[in-house]
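Encoded as structure tokens, the structure appears first; notes follow it.
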Amino acid sequence: MPYDSAATRARILNAAINEFTVYGLSGARIERIAEAADANKRSIYVYFGDKEGLFTAALHRVITELIEAVPLTEDDLPGYAGRMFDYMVGQPQALRMHLWRHLQRPSAGPDAAEVYAQKIEAMTRGGPSEATGNLPATDLLVLVIGLAQSWLISPVDLLTAAGGGDPYSPERLAAHRAAIVEAARRLCTPR
């Protein structure tokens with residue numbers, strides 16, 4: 001069977017995403033990635049240059065998939081917050097990779113600044129308005145994204161303190177999703 005470089009590259013990238021999700025850039029090991037991808041270490045260096053290049057490629061894929069799956073809708077930030085929460089619950093590697101990026105290589109991965117700039121411009125035509133709850137658009141967007149991530153990055157002790165039970169049960173996640181959407185709606189509502 002002929003060698004399929006595209007398939008090998010895809011296997012390496014998938015294995016790298018799994019490795020970086022668990023260990024971050026510093027803790028990830030090329031040997032484990034190669035073994036999980038059923039590839040040799042040399043292939044990793046040929047396709048991605050080095051471990052940092054592989055981390056950047058993994059971030060690019062994970063973040064690009066997130067942006068495509070959950071488009072930022074400036075006219076429905078509460079819905080956006082709910083959809084973002086749903087995506088992160090279903091694709092936990094997205095949040096973990098984002099956190100590793102923030103901790104270890106803030107400038108790595110795709111540059112989404114232009115996407116955010118366009119949305120913020122659409123939200124702020126004419127200055128803070130009822131559409132932004134009279135808050136600066138950048139601050140509002142940061143708060144909405146923070147709401148979407150909050151449950152998943154909070155201490156488990158906090159999540160279980162009030163009601164006990166499994167904080168990741170479908171019922172509890174649905175209740176928290178509703179709270180996120182309502183909080184975002186309130187943020188977007190002028191006072």
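If you're wondering about the labels, chains in the structure tokens are A, B, ... by order shown, residues count from 1 in each chain, ligands from 1 in order shown.
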**Message:** Using only C-alpha atoms, which protein or nucleic acid residues come within 9 Å of region 142-156 of chain A? Drop anything in the same chain fewer than 6 positions from it, and give the result as a list in words.
**Reply:**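 Listed by chain and then number, they are Leu77, Pro78, Tyr80, Ala81, Gly82, Arg83, Met84, Phe85, Asp86, Met88, Val89, Pro92, Leu95, Pro167, Leu173, His176, Arg177, Ile180, Val181, Ala183, Ala184 and Leu187 of chain A.
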With N, CA and C atoms kept, could you save the residues just selected as a PDB file, in the first residue's frame?
ATOM      1  N   LEU A  77     -26.116  37.803  21.399  1.00  0.00           N
ATOM      2  CA  LEU A  77     -25.065  37.369  22.319  1.00  0.00           C
ATOM      3  C   LEU A  77     -25.544  36.342  23.344  1.00  0.00           C
ATOM      4  N   PRO A  78     -26.780  36.420  23.851  1.00  0.00           N
ATOM      5  CA  PRO A  78     -27.227  35.356  24.759  1.00  0.00           C
ATOM      6  C   PRO A  78     -27.241  33.981  24.070  1.00  0.00           C
ATOM      7  N   TYR A  80     -25.427  33.140  21.504  1.00  0.00           N
ATOM      8  CA  TYR A  80     -24.019  32.812  21.280  1.00  0.00           C
ATOM      9  C   TYR A  80     -23.410  32.188  22.538  1.00  0.00           C
ATOM     10  N   ALA A  81     -23.697  32.765  23.703  1.00  0.00           N
ATOM     11  CA  ALA A  81     -23.167  32.227  24.963  1.00  0.00           C
ATOM     12  C   ALA A  81     -23.644  30.797  25.182  1.00  0.00           C
ATOM     13  N   GLY A  82     -24.919  30.533  24.918  1.00  0.00           N
ATOM     14  CA  GLY A  82     -25.455  29.177  25.074  1.00  0.00           C
ATOM     15  C   GLY A  82     -24.824  28.198  24.103  1.00  0.00           C
ATOM     16  N   ARG A  83     -24.661  28.617  22.854  1.00  0.00           N
ATOM     17  CA  ARG A  83     -24.040  27.735  21.855  1.00  0.00           C
ATOM     18  C   ARG A  83     -22.567  27.488  22.167  1.00  0.00           C
ATOM     19  N   MET A  84     -21.880  28.502  22.666  1.00  0.00           N
ATOM     20  CA  MET A  84     -20.477  28.343  23.054  1.00  0.00           C
ATOM     21  C   MET A  84     -20.360  27.346  24.207  1.00  0.00           C
ATOM     22  N   PHE A  85     -21.231  27.463  25.190  1.00  0.00           N
ATOM     23  CA  PHE A  85     -21.237  26.519  26.312  1.00  0.00           C
ATOM     24  C   PHE A  85     -21.479  25.100  25.806  1.00  0.00           C
ATOM     25  N   ASP A  86     -22.471  24.934  24.938  1.00  0.00           N
ATOM     26  CA  ASP A  86     -22.766  23.605  24.385  1.00  0.00           C
ATOM     27  C   ASP A  86     -21.550  23.016  23.678  1.00  0.00           C
ATOM     28  N   MET A  88     -18.343  23.722  24.122  1.00  0.00           N
ATOM     29  CA  MET A  88     -17.267  23.386  25.056  1.00  0.00           C
ATOM     30  C   MET A  88     -17.591  22.155  25.891  1.00  0.00           C
ATOM     31  N   VAL A  89     -18.859  21.947  26.196  1.00  0.00           N
ATOM     32  CA  VAL A  89     -19.244  20.718  26.906  1.00  0.00           C
ATOM     33  C   VAL A  89     -19.023  19.514  25.988  1.00  0.00           C
ATOM     34  N   PRO A  92     -14.524  19.238  24.888  1.00  0.00           N
ATOM     35  CA  PRO A  92     -13.736  19.823  25.985  1.00  0.00           C
ATOM     36  C   PRO A  92     -12.307  20.182  25.598  1.00  0.00           C
ATOM     37  N   LEU A  95     -11.714  24.109  25.005  1.00  0.00           N
ATOM     38  CA  LEU A  95     -11.435  24.969  26.152  1.00  0.00           C
ATOM     39  C   LEU A  95     -10.054  24.677  26.722  1.00  0.00           C
ATOM     40  N   PRO A 167     -22.193  17.760  39.083  1.00  0.00           N
ATOM     41  CA  PRO A 167     -22.306  19.060  38.420  1.00  0.00           C
ATOM     42  C   PRO A 167     -22.255  18.957  36.895  1.00  0.00           C
ATOM     43  N   LEU A 173     -26.202  20.577  33.768  1.00  0.00           N
ATOM     44  CA  LEU A 173     -25.637  21.353  32.663  1.00  0.00           C
ATOM     45  C   LEU A 173     -26.717  22.173  31.955  1.00  0.00           C
ATOM     46  N   HIS A 176     -27.549  25.134  34.133  1.00  0.00           N
ATOM     47  CA  HIS A 176     -26.517  26.159  34.076  1.00  0.00           C
ATOM     48  C   HIS A 176     -26.515  26.865  32.716  1.00  0.00           C
ATOM     49  N   ARG A 177     -26.766  26.122  31.663  1.00  0.00           N
ATOM     50  CA  ARG A 177     -26.849  26.751  30.338  1.00  0.00           C
ATOM     51  C   ARG A 177     -27.939  27.818  30.330  1.00  0.00           C
ATOM     52  N   ILE A 180     -26.676  30.842  32.052  1.00  0.00           N
ATOM     53  CA  ILE A 180     -25.730  31.580  31.211  1.00  0.00           C
ATOM     54  C   ILE A 180     -26.486  32.461  30.217  1.00  0.00           C
ATOM     55  N   VAL A 181     -27.447  31.880  29.542  1.00  0.00           N
ATOM     56  CA  VAL A 181     -28.212  32.624  28.536  1.00  0.00           C
ATOM     57  C   VAL A 181     -28.951  33.789  29.191  1.00  0.00           C
ATOM     58  N   ALA A 183     -28.164  35.338  32.044  1.00  0.00           N
ATOM     59  CA  ALA A 183     -27.192  36.337  32.491  1.00  0.00           C
ATOM     60  C   ALA A 183     -26.709  37.168  31.299  1.00  0.00           C
ATOM     61  N   ALA A 184     -26.446  36.529  30.167  1.00  0.00           N
ATOM     62  CA  ALA A 184     -26.027  37.260  28.974  1.00  0.00           C
ATOM     63  C   ALA A 184     -27.144  38.185  28.495  1.00  0.00           C
ATOM     64  N   LEU A 187     -27.098  41.193  30.674  1.00  0.00           N
ATOM     65  CA  LEU A 187     -25.971  42.064  30.342  1.00  0.00           C
ATOM     66  C   LEU A 187     -26.253  42.903  29.100  1.00  0.00           C
TER      67      LEU A 187
END
**Request:** Please provide as a list in words all residues within 12 Å of Arg105 (chain A), with the sequence filter that same-chain residues fewer than 2 positions apart are discarded (counting only C-alpha atoms).
**Result:**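 Answer for this query is Gly24, Leu25, Ser26, Glu52, Gly53, Phe55, Thr56, Leu59, Met97, His98, Leu99, Trp100, Arg101, His102, Leu103, Ser107, Ala108, Gly109 and Pro110 of chain A.
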Would you output that residue set with all heavy atoms, as a compact mmCIF listing (two decimals), in the first residue's frame?
# COMPACT_ATOMS: atom_id res chain seq x y z
N GLY A 24 -0.48 20.04 27.79
CA GLY A 24 0.00 21.34 27.38
C GLY A 24 1.26 21.21 26.55
O GLY A 24 1.73 20.10 26.27
N LEU A 25 1.81 22.32 26.16
CA LEU A 25 3.01 22.31 25.33
C LEU A 25 4.21 21.76 26.11
O LEU A 25 4.94 20.91 25.61
CB LEU A 25 3.32 23.73 24.82
CG LEU A 25 4.62 23.90 24.04
CD1 LEU A 25 4.62 23.03 22.79
CD2 LEU A 25 4.81 25.36 23.68
N SER A 26 4.40 22.22 27.32
CA SER A 26 5.58 21.82 28.09
C SER A 26 5.58 20.34 28.44
O SER A 26 6.63 19.71 28.41
CB SER A 26 5.68 22.64 29.38
OG SER A 26 5.79 24.01 29.07
N GLU A 52 6.79 23.08 18.94
CA GLU A 52 6.04 24.35 18.95
C GLU A 52 5.24 24.52 17.67
O GLU A 52 4.10 25.00 17.71
CB GLU A 52 6.99 25.53 19.16
CG GLU A 52 7.56 25.52 20.56
CD GLU A 52 7.77 26.90 21.13
OE1 GLU A 52 7.23 27.88 20.60
OE2 GLU A 52 8.47 26.96 22.15
N GLY A 53 5.81 24.13 16.54
CA GLY A 53 5.06 24.19 15.28
C GLY A 53 3.86 23.26 15.30
O GLY A 53 2.79 23.60 14.80
N PHE A 55 2.27 22.34 18.08
CA PHE A 55 1.33 22.96 19.01
C PHE A 55 0.54 24.06 18.31
O PHE A 55 -0.68 24.15 18.44
CB PHE A 55 2.09 23.54 20.22
CG PHE A 55 1.22 24.13 21.29
CD1 PHE A 55 0.44 23.33 22.11
CD2 PHE A 55 1.20 25.50 21.50
CE1 PHE A 55 -0.36 23.88 23.11
CE2 PHE A 55 0.41 26.06 22.50
CZ PHE A 55 -0.37 25.24 23.31
N THR A 56 1.22 24.89 17.53
CA THR A 56 0.56 25.96 16.79
C THR A 56 -0.45 25.38 15.79
O THR A 56 -1.57 25.89 15.67
CB THR A 56 1.60 26.84 16.07
OG1 THR A 56 2.44 27.44 17.06
CG2 THR A 56 0.94 27.92 15.23
N LEU A 59 -3.46 24.10 17.78
CA LEU A 59 -4.28 25.24 18.21
C LEU A 59 -5.08 25.80 17.04
O LEU A 59 -6.27 26.11 17.18
CB LEU A 59 -3.39 26.35 18.76
CG LEU A 59 -3.00 26.27 20.21
CD1 LEU A 59 -1.96 27.33 20.52
CD2 LEU A 59 -4.20 26.43 21.11
N MET A 97 -7.38 23.46 25.22
CA MET A 97 -6.35 24.00 24.34
C MET A 97 -6.28 25.53 24.44
O MET A 97 -5.20 26.11 24.43
CB MET A 97 -6.59 23.57 22.89
CG MET A 97 -6.31 22.11 22.61
SD MET A 97 -4.57 21.64 22.67
CE MET A 97 -3.93 22.49 21.24
N HIS A 98 -7.43 26.16 24.54
CA HIS A 98 -7.46 27.62 24.70
C HIS A 98 -6.74 28.02 25.99
O HIS A 98 -5.96 28.97 26.01
CB HIS A 98 -8.91 28.12 24.71
CG HIS A 98 -9.05 29.53 25.15
ND1 HIS A 98 -8.69 30.59 24.36
CD2 HIS A 98 -9.49 30.06 26.32
CE1 HIS A 98 -8.90 31.73 25.02
NE2 HIS A 98 -9.38 31.42 26.20
N LEU A 99 -6.99 27.28 27.07
CA LEU A 99 -6.34 27.60 28.34
C LEU A 99 -4.83 27.36 28.27
O LEU A 99 -4.05 28.17 28.78
CB LEU A 99 -6.97 26.80 29.48
CG LEU A 99 -8.43 27.16 29.80
CD1 LEU A 99 -9.03 26.17 30.78
CD2 LEU A 99 -8.53 28.59 30.32
N TRP A 100 -4.40 26.27 27.64
CA TRP A 100 -2.97 26.02 27.47
C TRP A 100 -2.34 27.13 26.64
O TRP A 100 -1.23 27.58 26.91
CB TRP A 100 -2.71 24.66 26.82
CG TRP A 100 -2.85 23.50 27.77
CD1 TRP A 100 -3.72 22.45 27.65
CD2 TRP A 100 -2.09 23.25 28.96
NE1 TRP A 100 -3.56 21.58 28.70
CE2 TRP A 100 -2.56 22.04 29.52
CE3 TRP A 100 -1.07 23.92 29.61
CZ2 TRP A 100 -2.04 21.50 30.68
CZ3 TRP A 100 -0.55 23.38 30.78
CH2 TRP A 100 -1.03 22.18 31.30
N ARG A 101 -3.05 27.57 25.60
CA ARG A 101 -2.54 28.67 24.77
C ARG A 101 -2.34 29.90 25.65
O ARG A 101 -1.29 30.54 25.60
CB ARG A 101 -3.52 28.97 23.65
CG ARG A 101 -3.16 30.18 22.83
CD ARG A 101 -4.30 30.57 21.90
NE ARG A 101 -3.89 31.61 20.96
CZ ARG A 101 -4.71 32.22 20.16
NH1 ARG A 101 -5.99 31.90 20.13
NH2 ARG A 101 -4.28 33.16 19.35
N HIS A 102 -3.34 30.22 26.43
CA HIS A 102 -3.28 31.40 27.29
C HIS A 102 -2.12 31.31 28.28
O HIS A 102 -1.42 32.29 28.52
CB HIS A 102 -4.61 31.57 28.02
CG HIS A 102 -4.69 32.79 28.86
ND1 HIS A 102 -4.79 34.05 28.34
CD2 HIS A 102 -4.66 32.95 30.21
CE1 HIS A 102 -4.83 34.94 29.31
NE2 HIS A 102 -4.75 34.29 30.46
N LEU A 103 -1.90 30.12 28.83
CA LEU A 103 -0.85 29.94 29.83
C LEU A 103 0.55 29.85 29.24
O LEU A 103 1.51 30.35 29.83
CB LEU A 103 -1.11 28.66 30.64
CG LEU A 103 -2.31 28.68 31.58
CD1 LEU A 103 -2.60 27.29 32.10
CD2 LEU A 103 -2.06 29.65 32.72
N SER A 107 0.53 33.94 21.84
CA SER A 107 0.55 34.40 20.46
C SER A 107 0.45 33.25 19.45
O SER A 107 0.41 33.49 18.24
CB SER A 107 1.82 35.20 20.18
OG SER A 107 2.96 34.38 20.38
N ALA A 108 0.39 32.01 19.92
CA ALA A 108 0.32 30.86 19.01
C ALA A 108 -1.10 30.67 18.49
O ALA A 108 -2.07 31.13 19.09
CB ALA A 108 0.78 29.59 19.73
N GLY A 109 -1.21 29.97 17.39
CA GLY A 109 -2.51 29.65 16.82
C GLY A 109 -3.02 30.74 15.90
O GLY A 109 -2.30 31.68 15.57
N PRO A 110 -4.26 30.60 15.47
CA PRO A 110 -4.79 31.58 14.52
C PRO A 110 -5.01 32.93 15.18
O PRO A 110 -5.29 33.02 16.36
CB PRO A 110 -6.12 30.96 14.08
CG PRO A 110 -6.54 30.13 15.24
CD PRO A 110 -5.26 29.59 15.83
**Request:** Have a look at CA of Asn134 (chain A) and CA of Arg186 (chain A) and let me know their distance in Å, one decimal.
**Result:**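 Answer for the CA of Asn134 (chain A) to CA of Arg186 (chain A) separation: 11.4 Å.
Comparing A:Gln118, A:Gln93, A:Ser43, A:Thr189 by their smallest distance to Val22 (chain A), the closest is A:Gln93 (using only C-alpha atoms).
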**Message:** Just checking: using only C-alpha atoms, which residue out of A:Thr73, A:Leu158, A:Gly163, A:Arg29 ends up closest to Leu141 (chain A)?
**Reply:** A:Thr73
**Prompt:** What lies within 6 Å of region 14-16 of chain A using only C-alpha atoms, ignoring chain neighbours under 6 positions off, as a PyMOL selection string?
**Reply:** chain A and resi 33+36-37
**Asked** Taking into account only C-alpha atoms, which residue in the set A:Thr64, A:Gln104, A:Asn40, A:Ser5 is nearest to Phe20 (chain A)?
**Response** A:Gln104
**Message:** What does the structure give for the distance between CA of Ile67 (chain A) and CA of Asp50 (chain A), in Å to one decimal?
**Reply:**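 It comes out at 25.7 Å.
Proximity ranking of A:Arg172, A:Arg42, A:Arg185, A:Lys119 relative to Arg9 (chain A) places A:Arg42 first, based on only C-alpha atoms.
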**Fill in**
Correct to one decimal, the distance CA of Arg61 (chain A)-CA of Glu19 (chain A) is 14.2 Å
**Request:** Find the residue from A:Ala178, A:Ile17, A:Ile12, A:Ala113 that sits nearest to Asp38 (chain A); use only C-alpha atoms when measuring.
**Result:**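 Comparing A:Ala178, A:Ile17, A:Ile12, A:Ala113 against Asp38 (chain A), the winner is A:Ile12.
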Per DSSP on the backbone, what are the helix (DSSP H, G or I) residues of region 5-114 of chain A, as an mmCIF file with C-alpha atoms, in the first residue's frame?
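Produced file selection.cif, reproduced below:
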data_model
loop_
_atom_site.group_PDB
_atom_site.id
_atom_site.type_symbol
_atom_site.label_atom_id
_atom_site.label_comp_id
_atom_site.auth_asym_id
_atom_site.auth_seq_id
_atom_site.Cartn_x
_atom_site.Cartn_y
_atom_site.Cartn_z
ATOM 1 C CA SER A 5 1.263 11.600 3.662
ATOM 2 C CA ALA A 6 -2.050 13.431 4.161
ATOM 3 C CA ALA A 7 -3.392 10.608 6.319
ATOM 4 C CA THR A 8 -0.168 10.491 8.343
ATOM 5 C CA ARG A 9 -0.236 14.251 8.848
ATOM 6 C CA ALA A 10 -3.894 14.064 9.986
ATOM 7 C CA ARG A 11 -3.135 11.221 12.425
ATOM 8 C CA ILE A 12 -0.227 13.190 13.872
ATOM 9 C CA LEU A 13 -2.372 16.298 14.281
ATOM 10 C CA ASN A 14 -5.179 14.325 15.979
ATOM 11 C CA ALA A 15 -2.703 12.646 18.324
ATOM 12 C CA ALA A 16 -1.087 16.012 19.058
ATOM 13 C CA ILE A 17 -4.414 17.593 19.951
ATOM 14 C CA ASN A 18 -5.075 14.763 22.391
ATOM 15 C CA GLU A 19 -1.574 15.050 23.881
ATOM 16 C CA PHE A 20 -1.586 18.842 24.170
ATOM 17 C CA THR A 21 -5.092 18.821 25.645
ATOM 18 C CA VAL A 22 -3.857 16.692 28.528
ATOM 19 C CA TYR A 23 -0.281 17.921 29.006
ATOM 20 C CA GLY A 24 0.000 21.345 27.382
ATOM 21 C CA LEU A 25 3.014 22.315 25.331
ATOM 22 C CA SER A 26 5.580 21.824 28.089
ATOM 23 C CA GLY A 27 4.383 18.409 29.211
ATOM 24 C CA ILE A 30 6.813 13.844 20.765
ATOM 25 C CA GLU A 31 7.402 10.130 21.434
ATOM 26 C CA ARG A 32 3.837 9.682 22.748
ATOM 27 C CA ILE A 33 2.394 11.648 19.839
ATOM 28 C CA ALA A 34 4.306 9.548 17.306
ATOM 29 C CA GLU A 35 3.227 6.319 18.978
ATOM 30 C CA ALA A 36 -0.443 7.377 19.175
ATOM 31 C CA ALA A 37 -0.351 8.467 15.517
ATOM 32 C CA LYS A 41 9.123 11.049 15.069
ATOM 33 C CA ARG A 42 10.864 12.138 11.886
ATOM 34 C CA SER A 43 7.464 12.619 10.208
ATOM 35 C CA ILE A 44 6.440 15.060 12.912
ATOM 36 C CA TYR A 45 9.505 17.181 12.291
ATOM 37 C CA VAL A 46 9.074 16.982 8.510
ATOM 38 C CA TYR A 47 5.420 18.085 8.610
ATOM 39 C CA PHE A 48 5.455 20.509 11.553
ATOM 40 C CA LYS A 51 6.978 20.664 18.912
ATOM 41 C CA GLU A 52 6.044 24.350 18.950
ATOM 42 C CA GLY A 53 5.064 24.190 15.283
ATOM 43 C CA LEU A 54 2.921 21.163 16.047
ATOM 44 C CA PHE A 55 1.328 22.965 19.012
ATOM 45 C CA THR A 56 0.558 25.955 16.786
ATOM 46 C CA ALA A 57 -0.992 23.683 14.139
ATOM 47 C CA ALA A 58 -3.083 21.920 16.787
ATOM 48 C CA LEU A 59 -4.278 25.236 18.207
ATOM 49 C CA HIS A 60 -5.067 26.522 14.748
ATOM 50 C CA ARG A 61 -7.253 23.512 14.009
ATOM 51 C CA VAL A 62 -9.074 23.481 17.355
ATOM 52 C CA ILE A 63 -9.737 27.226 17.398
ATOM 53 C CA THR A 64 -10.718 27.353 13.726
ATOM 54 C CA GLU A 65 -13.193 24.521 14.285
ATOM 55 C CA LEU A 66 -14.650 26.400 17.277
ATOM 56 C CA ILE A 67 -15.014 29.651 15.323
ATOM 57 C CA GLU A 68 -16.689 27.824 12.436
ATOM 58 C CA ALA A 69 -18.975 25.741 14.671
ATOM 59 C CA LEU A 77 -25.065 37.369 22.319
ATOM 60 C CA PRO A 78 -27.227 35.356 24.759
ATOM 61 C CA GLY A 79 -27.711 32.669 22.085
ATOM 62 C CA TYR A 80 -24.019 32.812 21.280
ATOM 63 C CA ALA A 81 -23.167 32.227 24.963
ATOM 64 C CA GLY A 82 -25.455 29.177 25.074
ATOM 65 C CA ARG A 83 -24.040 27.735 21.855
ATOM 66 C CA MET A 84 -20.477 28.343 23.054
ATOM 67 C CA PHE A 85 -21.237 26.519 26.312
ATOM 68 C CA ASP A 86 -22.766 23.605 24.385
ATOM 69 C CA TYR A 87 -19.713 23.357 22.155
ATOM 70 C CA MET A 88 -17.267 23.386 25.056
ATOM 71 C CA VAL A 89 -19.244 20.718 26.906
ATOM 72 C CA GLY A 90 -19.261 18.531 23.786
ATOM 73 C CA PRO A 92 -13.736 19.823 25.985
ATOM 74 C CA GLN A 93 -10.412 19.905 24.142
ATOM 75 C CA ALA A 94 -11.389 23.321 22.731
ATOM 76 C CA LEU A 95 -11.435 24.969 26.152
ATOM 77 C CA ARG A 96 -8.398 23.064 27.400
ATOM 78 C CA MET A 97 -6.346 23.999 24.336
ATOM 79 C CA HIS A 98 -7.460 27.619 24.704
ATOM 80 C CA LEU A 99 -6.339 27.599 28.342
ATOM 81 C CA TRP A 100 -2.965 26.021 27.474
ATOM 82 C CA ARG A 101 -2.543 28.670 24.775
ATOM 83 C CA HIS A 102 -3.280 31.402 27.288
ATOM 84 C CA LEU A 103 -0.851 29.938 29.833
ATOM 85 C CA GLN A 104 2.008 28.886 27.598
ATOM 86 C CA ALA A 113 -8.391 39.623 16.103
ATOM 87 C CA GLU A 114 -9.922 40.580 12.763
#
